[in-house]
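What follows is the content of data.cif (mmCIF, C-alpha atoms).
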data_input
#
loop_
_atom_site.label_atom_id
_atom_site.label_comp_id
_atom_site.auth_asym_id
_atom_site.auth_seq_id
_atom_site.Cartn_x
_atom_site.Cartn_y
_atom_site.Cartn_z
CA MET A 510 55.53 47.88 45.73
CA ILE A 511 58.42 45.82 47.15
CA ILE A 512 58.27 44.65 50.77
CA ARG A 513 61.66 44.01 52.32
CA SER A 514 62.10 41.59 55.25
CA ALA A 515 65.00 39.79 56.94
CA LEU A 516 64.78 36.01 57.44
CA THR A 517 66.98 33.37 59.04
CA CYS A 518 66.97 29.75 57.89
CA SER A 519 65.86 27.53 60.78
CA THR A 520 68.13 24.72 59.59
CA CYS A 521 71.49 26.49 59.27
CA ASP A 522 70.87 30.03 60.65
CA HIS A 523 71.84 31.58 57.31
CA HIS A 524 70.61 35.15 56.86
CA HIS A 525 68.47 36.24 53.92
CA VAL A 526 66.74 39.45 52.93
CA VAL A 527 63.61 38.81 50.89
CA ARG A 528 62.32 41.51 48.58
CA ILE A 529 58.69 40.50 47.90
CA GLY A 530 56.66 42.15 45.17
CA MET A 531 53.08 42.81 46.23
CA GLY A 532 50.53 40.74 44.32
CA HIS A 533 46.78 40.83 43.86
CA GLU A 534 45.66 38.40 46.57
CA THR A 535 45.51 38.98 50.31
CA ARG A 536 48.11 36.21 50.78
CA HIS A 537 50.82 34.82 48.53
CA VAL A 538 53.17 32.01 49.57
CA HIS A 539 56.68 31.67 48.13
CA LYS A 540 59.09 28.72 48.35
CA PHE A 541 62.81 28.92 47.63
CA PRO A 542 65.94 26.97 48.67
CA CYS A 543 68.09 28.38 51.45
CA ARG A 544 71.11 29.99 49.82
CA ASN A 545 73.41 28.08 52.16
CA CYS A 546 72.08 24.61 53.07
CA GLY A 547 69.56 24.20 50.24
CA GLU A 548 66.60 23.31 52.46
CA ASP A 549 63.31 24.81 51.28
CA ILE A 550 62.15 28.00 52.94
CA GLU A 551 58.53 29.13 52.75
CA VAL A 552 57.42 32.68 53.44
CA ALA A 553 54.12 34.47 52.85
CA LEU A 554 53.21 38.08 52.29
CA GLU A 555 49.82 39.08 53.66
CA VAL A 556 48.24 42.29 52.39
CA ASP A 557 45.41 44.32 53.88
CA PHE A 558 44.04 46.19 50.87
CA GLU A 559 41.51 48.10 52.99
CA ARG A 560 44.03 49.62 55.41
CA ILE A 561 46.95 49.40 52.95
CA GLY A 562 49.19 47.33 55.18
CA THR A 563 51.43 44.29 54.76
CA ARG A 564 52.85 41.54 56.96
CA THR A 565 55.64 39.08 56.18
CA VAL A 566 54.84 35.68 57.70
CA PRO A 567 57.34 32.80 58.15
CA VAL A 568 55.64 29.61 56.95
CA ALA A 569 58.28 26.87 57.07
CA ASN A 570 61.99 26.59 57.96
CA CYS A 571 62.53 30.28 58.65
CA GLU A 572 62.16 33.00 61.25
CA LEU A 573 61.97 36.76 61.00
CA SER A 574 65.20 38.34 62.16
CA GLU A 575 67.21 41.53 62.37
CA ASN A 576 68.82 42.70 59.17
CA VAL A 577 72.44 41.52 59.00
CA TRP A 578 75.03 43.11 56.74
CA GLY A 579 75.91 40.81 53.86
CA SER A 580 72.66 38.80 53.97
CA GLU A 581 71.69 36.93 50.82
CA ILE A 582 69.19 38.89 48.71
CA VAL A 583 66.23 36.84 47.46
CA ASN A 584 63.82 38.52 45.05
CA LEU A 585 60.28 37.12 45.11
CA ASP A 586 57.29 38.06 42.95
CA PRO A 587 53.85 36.40 42.66
CA ASN A 588 53.11 37.59 39.13
CA PHE A 589 56.35 38.16 37.24
CA ILE A 590 59.60 36.37 36.37
CA ILE A 591 63.21 37.47 36.68
CA ARG A 592 66.45 37.32 34.72
CA PRO A 593 68.76 34.70 36.27
CA GLU A 594 71.53 37.28 36.72
CA HIS A 595 69.16 39.60 38.63
CA GLN A 596 68.25 37.06 41.29
CA GLY A 597 70.33 37.76 44.38
CA ARG A 598 70.78 41.43 43.48
CA ASP A 599 69.40 44.40 45.39
CA GLN A 600 67.68 47.36 43.74
CA VAL A 601 66.35 45.42 40.75
CA PHE A 602 62.73 45.70 39.62
CA PRO A 603 62.07 42.93 37.06
CA ARG A 604 58.34 43.57 36.86
CA MET A 605 58.81 47.04 35.35
CA SER A 606 59.97 45.88 31.90
CA GLN A 607 57.33 43.14 31.84
CA MET A 608 54.56 45.59 32.73
CA HIS A 609 55.77 47.74 29.84
CA ALA A 610 55.61 44.72 27.54
CA LEU A 611 52.05 43.99 28.70
CA ALA A 612 50.99 47.59 28.07
CA LYS A 613 52.52 47.50 24.58
CA LYS A 614 50.80 44.22 23.80
CA ALA A 615 47.48 45.60 25.02
CA GLU A 616 47.79 48.50 22.59
CA GLU A 617 48.59 46.09 19.74
CA MET A 618 45.48 44.08 20.61
CA GLY A 619 43.31 47.18 20.59
CA GLY A 620 42.76 47.61 24.30
CA ALA A 621 45.20 49.99 25.94
CA PHE A 622 45.15 50.27 29.73
CA GLN A 623 42.57 52.78 30.94
CA PRO A 624 43.58 54.91 33.94
CA VAL A 625 41.15 54.85 36.86
CA SER A 626 41.23 57.18 39.84
CA LEU A 627 42.13 55.49 43.12
CA ASP A 628 38.87 56.69 44.68
CA ASP A 629 36.72 55.44 41.80
CA PRO A 630 34.10 53.00 43.25
CA ARG A 631 34.48 50.80 40.17
CA LEU A 632 37.79 49.57 41.59
CA ARG A 633 35.77 47.26 43.83
CA GLN A 634 34.24 45.34 40.93
CA ARG A 635 35.26 43.49 37.78
CA PRO A 636 36.89 44.31 35.43
CA TYR A 637 38.52 47.24 37.27
CA ARG A 638 38.99 45.38 40.54
CA ARG A 639 42.47 43.99 41.20
CA PRO A 640 42.60 40.48 39.70
CA ASP A 641 42.20 38.55 42.96
CA TYR A 642 41.05 35.42 41.14
CA PHE A 643 41.96 33.03 43.94
CA ALA A 644 39.61 34.86 46.32
CA GLU A 645 36.80 34.69 43.76
CA TRP A 646 37.48 31.03 42.99
CA THR A 647 37.23 30.15 46.68
CA GLU A 648 33.62 31.32 46.69
CA LEU A 649 32.78 29.93 43.25
CA LYS A 650 34.06 26.50 44.25
CA ARG A 651 31.75 26.48 47.28
CA ALA A 652 28.76 27.31 45.08
CA TRP A 653 29.79 24.62 42.59
CA THR A 654 30.32 21.83 45.12
CA LEU A 655 27.09 22.72 46.93
CA ARG A 656 25.17 22.48 43.68
CA ARG A 657 26.72 19.10 42.89
CA ARG A 658 25.49 17.87 46.30
CA GLY A 659 22.00 19.13 45.55
CA GLN A 660 22.22 22.10 47.96
CA ASP A 661 20.87 24.59 45.44
CA VAL A 662 19.56 27.11 47.97
CA PHE A 663 22.96 27.49 49.64
CA SER A 664 24.64 27.63 46.25
CA ARG A 665 22.38 30.46 45.09
CA ASN A 666 23.05 32.38 48.32
CA ILE A 667 26.78 32.31 47.61
CA ILE A 668 26.17 33.47 44.03
CA ARG A 669 24.03 36.35 45.31
CA LYS A 670 26.79 37.47 47.71
CA ALA A 671 29.39 37.14 44.95
CA THR A 672 27.35 39.53 42.81
CA GLU A 673 27.54 42.11 45.60
CA THR A 674 31.29 41.61 45.98
CA PHE A 675 32.55 41.21 42.42
CA TYR A 676 29.81 42.18 39.94
CA PRO A 677 27.40 44.69 41.58
CA ASP A 678 26.64 46.48 38.30
CA GLN A 679 26.17 43.25 36.30
CA PRO A 680 24.39 40.68 38.50
CA LEU A 681 25.39 37.07 38.03
CA GLN A 682 22.76 34.95 36.28
CA GLY A 683 23.77 31.66 37.88
CA LEU A 684 26.70 29.33 38.36
CA ALA A 685 27.39 28.85 34.64
CA ASP A 686 27.46 32.61 34.08
CA TRP A 687 29.85 33.08 37.01
CA LEU A 688 32.19 30.35 35.83
CA TYR A 689 32.23 31.79 32.31
CA ARG A 690 33.09 35.25 33.63
CA LEU A 691 35.91 34.08 35.89
CA ALA A 692 37.38 31.86 33.15
CA SER A 693 37.39 34.74 30.69
CA GLN A 694 39.13 36.98 33.25
CA ILE A 695 41.81 34.37 33.91
CA MET A 696 42.52 33.88 30.20
CA GLY A 697 42.63 37.59 29.44
CA ARG A 698 42.71 39.11 25.97
CA ALA A 699 45.05 36.49 24.54
CA GLY A 700 42.98 33.52 25.65
CA MET A 701 39.73 35.14 24.58
CA GLU A 702 41.08 35.68 21.07
CA SER A 703 41.66 31.93 20.75
CA PHE A 704 38.25 31.25 22.29
CA ARG A 705 36.43 33.46 19.78
CA PHE A 706 38.34 31.93 16.87
CA ALA A 707 37.25 28.42 17.87
CA ALA A 708 33.71 29.52 18.82
CA ALA A 709 33.11 30.97 15.35
CA ARG A 710 34.01 27.63 13.80
CA ILE A 711 31.79 25.67 16.18
CA ASP A 712 28.94 28.09 15.46
CA GLU A 713 29.07 26.84 11.85
CA ALA A 714 28.41 23.32 13.12
CA THR A 715 25.37 24.41 15.15
CA ARG A 716 23.63 25.47 11.94
CA LYS A 717 23.86 22.00 10.41
CA PRO A 718 20.85 19.65 10.83
CA GLU A 719 23.02 16.87 12.31
CA PHE A 720 23.99 19.05 15.27
CA SER A 721 20.66 18.42 17.00
CA ALA A 722 21.52 14.72 17.12
CA LEU A 723 24.86 15.60 18.73
CA VAL A 724 23.06 17.71 21.35
CA ALA A 725 20.76 14.80 22.19
CA HIS A 726 23.75 12.46 22.52
CA TYR A 727 25.65 14.97 24.67
CA ASN A 728 22.73 15.42 27.04
CA SER A 729 22.03 11.71 27.44
CA GLN A 730 25.57 10.28 27.39
CA MET A 731 28.17 12.95 28.09
CA ALA A 732 27.02 15.85 30.25
CA THR A 733 26.74 14.29 33.71
CA LYS A 734 30.35 13.06 33.94
CA ARG A 735 32.00 16.19 32.54
CA GLY A 736 31.29 18.50 35.47
CA ARG A 737 33.26 16.38 37.94
CA LYS A 738 36.33 16.44 35.71
CA TYR A 739 36.16 20.17 35.08
CA LEU A 740 35.77 20.85 38.81
CA SER A 741 38.71 18.57 39.57
CA ILE A 742 41.22 20.27 37.27
CA VAL A 743 40.17 23.84 38.11
CA SER A 744 40.47 23.00 41.81
CA GLU A 745 43.92 21.50 41.27
CA TYR A 746 45.05 24.61 39.41
CA PHE A 747 44.04 26.92 42.21
CA ASP A 748 45.56 24.61 44.83
CA SER A 749 48.92 25.59 43.29
CA TYR A 750 47.92 29.09 42.22
CA SER A 751 50.93 30.77 43.86
CA GLU A 752 53.12 28.86 41.40
CA PHE A 753 51.06 29.26 38.23
CA SER A 754 50.28 32.95 38.80
CA GLN A 755 53.98 33.70 38.26
CA VAL A 756 53.50 33.21 34.50
CA GLN A 757 49.72 33.40 34.10
CA PHE A 758 49.43 37.19 34.00
CA LEU A 759 52.02 37.51 31.26
CA MET A 760 50.29 34.81 29.22
CA ALA A 761 46.85 36.34 29.72
CA GLY A 762 48.23 39.61 28.41
CA GLY A 763 49.64 37.93 25.31
CA VAL A 764 53.30 38.06 26.43
CA LEU A 765 54.97 34.64 26.24
CA PRO A 766 57.24 34.14 29.28
CA ASP A 767 60.90 33.80 28.33
CA ALA A 768 61.81 30.20 29.21
CA HIS A 769 65.30 31.32 30.20
CA PHE A 770 63.97 33.71 32.84
CA ARG A 771 63.28 32.26 36.26
CA VAL A 772 60.27 32.23 38.51
CA THR A 773 60.97 33.15 42.12
CA SER A 774 58.93 30.44 43.87
CA THR A 775 59.72 26.79 43.11
CA ASP A 776 57.23 24.43 44.75
CA PHE A 777 57.63 21.67 42.16
CA ASN A 778 56.08 19.04 44.45
CA LYS A 779 52.78 20.89 44.08
CA THR A 780 52.88 21.19 40.31
CA LYS A 781 54.71 18.10 39.05
CA MET A 782 51.49 16.15 38.41
CA PHE A 783 49.51 19.03 36.95
CA TYR A 784 50.56 18.73 33.32
CA GLY A 785 49.77 15.03 33.26
CA ASN A 786 46.42 15.53 34.99
CA GLY A 787 45.52 18.42 32.70
CA PHE A 788 46.49 16.31 29.68
CA GLU A 789 44.22 13.49 30.88
CA ILE A 790 41.23 15.77 31.45
CA LEU A 791 41.71 17.44 28.08
CA ALA A 792 42.07 14.09 26.30
CA ASP A 793 38.83 12.93 27.93
CA GLN A 794 36.84 16.10 27.20
CA ILE A 795 37.89 16.79 23.60
CA ASP A 796 35.64 13.98 22.45
CA PHE A 797 33.03 16.72 22.09
CA ILE A 798 35.28 18.63 19.66
CA ALA A 799 35.90 15.40 17.74
CA LEU A 800 32.14 14.93 17.35
CA VAL A 801 31.71 18.56 16.28
CA ASN A 802 34.38 17.97 13.65
CA ASN A 803 32.39 15.03 12.30
CA VAL A 804 29.38 17.31 11.85
CA LEU A 805 31.51 19.99 10.17
CA SER A 806 32.87 17.32 7.84
CA GLY A 807 29.36 16.45 6.66
CA ARG A 808 29.13 13.11 8.48
CA LYS A 809 26.94 11.77 11.24
CA PHE A 810 28.17 13.08 14.57
CA ASP A 811 29.32 9.60 15.64
CA ARG A 812 31.05 8.63 12.37
CA PHE A 813 34.72 9.40 11.89
CA SER A 814 36.46 9.18 8.53
CA GLU A 815 37.92 5.77 9.44
CA LEU A 816 36.65 4.95 12.94
CA SER A 817 33.42 4.16 14.70
CA LEU A 818 32.64 6.03 17.90
CA LYS A 819 33.41 2.89 19.90
CA ARG A 820 36.80 2.54 18.24
CA TYR A 821 37.55 6.24 18.84
CA TYR A 822 37.28 5.72 22.59
CA GLU A 823 39.57 2.70 22.38
CA ILE A 824 42.56 4.50 20.82
CA ASP A 825 45.34 5.93 22.96
CA LYS A 826 44.42 9.28 24.47
CA SER A 827 47.40 10.95 22.84
CA GLY A 828 45.78 10.29 19.44
CA ARG A 829 42.30 11.59 20.16
CA ALA A 830 43.00 15.01 18.69
CA ASN A 831 44.33 13.67 15.39
CA CYS A 832 40.90 13.62 13.80
CA PHE A 833 40.56 17.43 13.95
CA VAL A 834 44.21 18.55 13.83
CA ALA A 835 43.79 19.74 10.23
CA ASP A 836 41.07 22.20 11.28
CA VAL A 837 43.03 25.28 12.34
CA ALA A 838 40.33 26.62 14.66
CA LEU A 839 39.54 23.32 16.40
CA ALA A 840 43.22 22.45 16.71
CA THR A 841 43.67 25.37 19.13
CA PHE A 842 42.16 23.19 21.86
CA THR A 843 45.20 20.91 21.79
CA ALA A 844 48.02 23.17 20.61
CA GLU A 845 49.77 22.24 23.87
CA PHE A 846 49.37 18.46 24.15
CA ASP A 847 52.71 16.74 24.84
CA ASN A 848 52.33 13.05 25.60
CA GLN A 849 56.01 12.73 26.58
CA ILE A 850 55.65 15.26 29.38
CA ARG A 851 52.38 13.62 30.39
CA ASN A 852 54.12 10.24 30.69
CA ALA A 853 57.02 11.65 32.68
CA SER A 854 54.59 13.51 34.95
CA HIS A 855 52.47 10.45 35.65
CA HIS A 856 55.21 7.87 36.00
CA GLY A 857 57.55 9.66 38.37
CA GLY A 858 59.99 10.35 35.56
CA MET A 859 60.77 13.98 36.39
CA GLU A 860 63.69 15.25 38.46
CA PHE A 861 63.90 18.86 39.58
CA ASP A 862 66.91 20.92 40.60
CA ALA A 863 65.71 23.92 42.59
CA PHE A 864 68.94 25.91 42.27
CA SER A 865 69.15 25.73 38.47
CA GLN A 866 65.33 25.47 38.13
CA THR A 867 65.81 22.66 35.62
CA ILE A 868 63.48 19.70 35.09
CA SER A 869 65.03 16.55 33.63
CA TYR A 870 62.97 13.68 32.19
CA ARG A 871 63.28 10.87 29.69
CA ALA A 872 61.14 10.76 26.55
CA GLY A 873 59.96 7.60 24.87
CA LYS A 874 57.69 4.81 26.00
CA GLY A 875 58.42 3.81 29.57
CA GLY A 876 60.92 6.64 29.95
CA THR A 877 63.59 4.77 28.01
CA GLY A 878 64.39 7.49 25.49
CA PRO A 879 67.01 10.23 25.56
CA GLU A 880 67.06 12.64 28.49
CA GLN A 881 65.21 15.90 27.95
CA GLN A 882 65.46 19.12 29.94
CA MET A 883 63.32 22.20 30.33
CA THR A 884 63.25 25.10 32.72
CA TYR A 885 60.65 25.30 35.46
CA THR A 886 59.42 28.51 33.82
CA ALA A 887 58.81 26.61 30.58
CA TYR A 888 57.02 23.85 32.48
CA LEU A 889 54.71 26.28 34.27
CA THR A 890 54.00 27.98 30.95
CA LYS A 891 52.97 24.66 29.43
CA CYS A 892 50.77 23.87 32.43
CA VAL A 893 48.97 27.22 32.20
CA GLU A 894 48.42 26.73 28.46
CA VAL A 895 46.93 23.26 29.00
CA PHE A 896 44.68 24.76 31.66
CA SER A 897 43.66 27.60 29.34
CA GLN A 898 42.67 25.06 26.67
CA VAL A 899 40.50 23.22 29.20
CA LEU A 900 38.86 26.51 30.19
CA ARG A 901 38.17 27.41 26.55
CA LEU A 902 36.52 24.05 26.00
CA LEU A 903 34.42 24.47 29.13
CA MET A 904 33.38 27.96 28.03
CA ILE A 905 32.31 26.65 24.62
CA GLU A 906 30.04 24.13 26.32
CA LEU A 907 28.63 26.80 28.64
CA VAL A 908 27.81 29.03 25.67
CA LEU A 909 26.08 26.16 23.88
CA THR A 910 23.86 25.52 26.92
CA GLN A 911 22.28 28.89 26.15
CA GLN A 912 22.33 28.67 22.36
CA VAL A 913 21.32 25.11 21.51
CA GLY A 914 20.14 23.52 24.77
CA LEU A 915 23.22 21.58 25.85
CA ASP A 916 22.94 20.47 29.48
CA GLU A 917 25.30 22.43 31.73
CA PRO A 918 28.53 20.42 32.26
CA LEU A 919 28.58 21.29 35.95
#
Any chance you could give the structure as structure tokens?
Amino acid sequence: MIIRSALTCSTCDHHHVVRIGMGHETRHVHKFPCRNCGEDIEVALEVDFERIGTRTVPVANCELSENVWGSEIVNLDPNFIIRPEHQGRDQVFPRMSQMHALAKKAEEMGGAFQPVSLDDPRLRQRPYRRPDYFAEWTELKRAWTLRRRGQDVFSRNIIRKATETFYPDQPLQGLADWLYRLASQIMGRAGMESFRFAAARIDEATRKPEFSALVAHYNSQMATKRGRKYLSIVSEYFDSYSEFSQVQFLMAGGVLPDAHFRVTSTDFNKTKMFYGNGFEILADQIDFIALVNNVLSGRKFDRFSELSLKRYYEIDKSGRANCFVADVALATFTAEFDNQIRNASHHGGMEFDAFSQTISYRAGKGGTGPEQQMTYTAYLTKCVEVFSQVLRLLMIELVLTQQVGLDEPL
């Protein structure tokens, strides 16, 4: 469904008509430059899924207005991207072809869409419920932060209520179970295929005698600090969810977003640090995969082919995946792991043009190399992939808490 509203820029009084595609959450915020003065405009679409109603809400630098002939058309969508030549045009529906691509991909992956009647009570629960992952995360985060503060009773109360809301037919078994379920929903079929591929390889390591020594080391030296980092990056992702959700649903369905298409919301200030932060978290947490690789290679868990464990932690973070890059399954955790983008992200080396949706940055140490460019769509795609890799690693650890007694990294 497309919701059509007229807006006036508060800076220059330029008239726009926004055509906003309805998303899955009760509120989505979109940012785009005024088509006249270039100042950012923010507008939200609020949806009442119970009464089937919508409301367009001016957020920043705009006001609702009467429709004026000749107003600039701005197409906005929380979950799909658009051809550059279709932006600014009326009567275009970019999500239709992408939904077709998702349906085709689902059939190829052995899970075609199943029709469900609109009055089916299952529509209120996962996996049939609309994918309102931000709403679920809001509650999960409260349970997680309460537990980290030692407020276990309050945390369990939130988990109990979440069962009633999201999983009434399959009660949640605790925080770890809830986090695993939400992560798997976010990643979709495509992400879960990669997860299962890596999990099968790690399962081989669990059957080796040396793995028990790795478990003991993990529980005594690694577990307590990992939860804070996982919570930090998942929170940061959902803080900018309106941006990432524009490509996430395609990626979860196994459809790679075309880098030459454009997203319709461009809040780069919210996302410009995410790749670098995700890179840092991943580089810190893949030490576990490096130790698993040692076990799979027939060595002590803390002995690398040429390094001691102490020396491993001293090398540059960009090189910490090198020890397992030859293992196809383990290498999936760092398939997206670009140190040049990380450096540009962390050292203020990125410039963004909202009209062309182009990010410019310099590669090389200290940003002294040749200028590189990528589209904002490509950047968001990379960010979501880094996040998916972090989630897959977290899920592996959560599974191993049940299988081999790893302490929960929460």
With a distance cut-off of 7 Å and all atoms listed in the file, select the neighbouring residues of segment 862-869 of chain A, excluding the residue or stretch itself and same-chain residues fewer than 3 positions from it, and output the selection as a list in words.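 Once the nearby chain positions are removed, what remains is Pro542, Thr775, Met859, Glu880, Gln881, Gln882, Met883, Thr884 and Tyr885 of chain A.
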Using 10 Å as the limit and counting all atoms listed in the file, can you tabulate each residue of segment 552-645 of chain A that touches segment 730-750 of chain A, with its shortest atom-to-atom distance in Å and the two atoms involved, as a Markdown table?
| residue | atom | partner | partner_atom | distance |
| --- | --- | --- | --- | --- |
| A:Pro587 | CA | A:Tyr750 | CA | 9.4 |
| A:Tyr642 | CA | A:Phe747 | CA | 9.1 |
| A:Phe643 | CA | A:Phe747 | CA | 6.7 |
| A:Ala644 | CA | A:Phe747 | CA | 10.0 |
Quick check, in Å to one decimal: how far apart do atom CA of Val724 of chain A and atom CA of Val913 of chain A lie?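 Between atom CA of Val724 of chain A and atom CA of Val913 of chain A the gap is 7.6 Å.
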Run the PyMOL selection byres ((chain A and resi 903) around 9) mentally over the shown coordinates, then write out the matched residues as a ChimeraX atom specification, using the chain letters and numbers from the document. /A:689,692,739,794,898-902,904-908,918
Let me see the file: selected residues, C-alpha atoms, as a short mmCIF file (atom, residue, chain, number, x, y, z; two decimals), in the frame of the given file.
data_model
loop_
_atom_site.label_atom_id
_atom_site.label_comp_id
_atom_site.auth_asym_id
_atom_site.auth_seq_id
_atom_site.Cartn_x
_atom_site.Cartn_y
_atom_site.Cartn_z
CA TYR A 689 32.23 31.79 32.31
CA ALA A 692 37.38 31.86 33.15
CA TYR A 739 36.16 20.17 35.08
CA GLN A 794 36.84 16.10 27.20
CA GLN A 898 42.67 25.06 26.67
CA VAL A 899 40.50 23.22 29.20
CA LEU A 900 38.86 26.51 30.19
CA ARG A 901 38.17 27.41 26.55
CA LEU A 902 36.52 24.05 26.00
CA MET A 904 33.38 27.96 28.03
CA ILE A 905 32.31 26.65 24.62
CA GLU A 906 30.04 24.13 26.32
CA LEU A 907 28.63 26.80 28.64
CA VAL A 908 27.81 29.03 25.67
CA PRO A 918 28.53 20.42 32.26
#
With only C-alpha atoms as the basis for distance, which of A:Pro636, A:Pro677, A:Gly619, A:Pro567 is at the shortest distance from Glu551 of chain A? A:Pro567
Could you work out how far atom CA of Gly858 of chain A lies from atom CA of Leu585 of chain A, giving the answer in Å with one decimal? 28.4 Å
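Interatomic distance, atom CA of Lys717 of chain A against atom CA of Ala799 of chain A: 15.6 Å.
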Given the file shown, determine the residues that the PyMOL selection byres ((chain A and resi 840) around 12) selects; report them as a PyMOL selection string. chain A and resi 703-704+706-707+710-711+795+798-799+802+829-839+841-846+898+902
Between A:Val895, A:Leu909, A:Phe797, A:Asp641, smallest distance to Ala708 of chain A by all atoms listed in the file belongs to A:Leu909
Which centre and which edge lengths, in Å to one decimal, describe the axis-aligned box that holds all listed atoms of segment 683-702 of chain A after 3 Å is added on each side, as AutoDock Vina command-line options?
--center_x 34.4 --center_y 34.0 --center_z 29.7 --size_x 27.3 --size_y 16.3 --size_z 23.3
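If you apply the PyMOL selection byres ((chain A and resi 516) around 7) to this structure, you end up with Ser514, Ala515, Thr517, Cys518, His524, His525, Val526, Cys571, Glu572, Leu573 and Ser574 of chain A.
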For a quick check of understanding, using only C-alpha atoms, which of A:Thr910, A:Val601, A:Ile695, A:Glu648 has the smallest distance to Thr672 of chain A?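 Of A:Thr910, A:Val601, A:Ile695, A:Glu648, the one nearest Thr672 of chain A is A:Glu648, counting only C-alpha atoms.
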Identify which of the residues A:Glu645, A:Asp678, A:Glu713, A:Glu673 lies closest to Leu691 of chain A, counting all atoms listed in the file when measuring atom-to-atom distances. A:Glu645
Which is closest to Arg604 of chain A among A:Gly530, A:Pro680, A:Pro766, A:Gly787, if we use all atoms listed in the file? A:Gly530
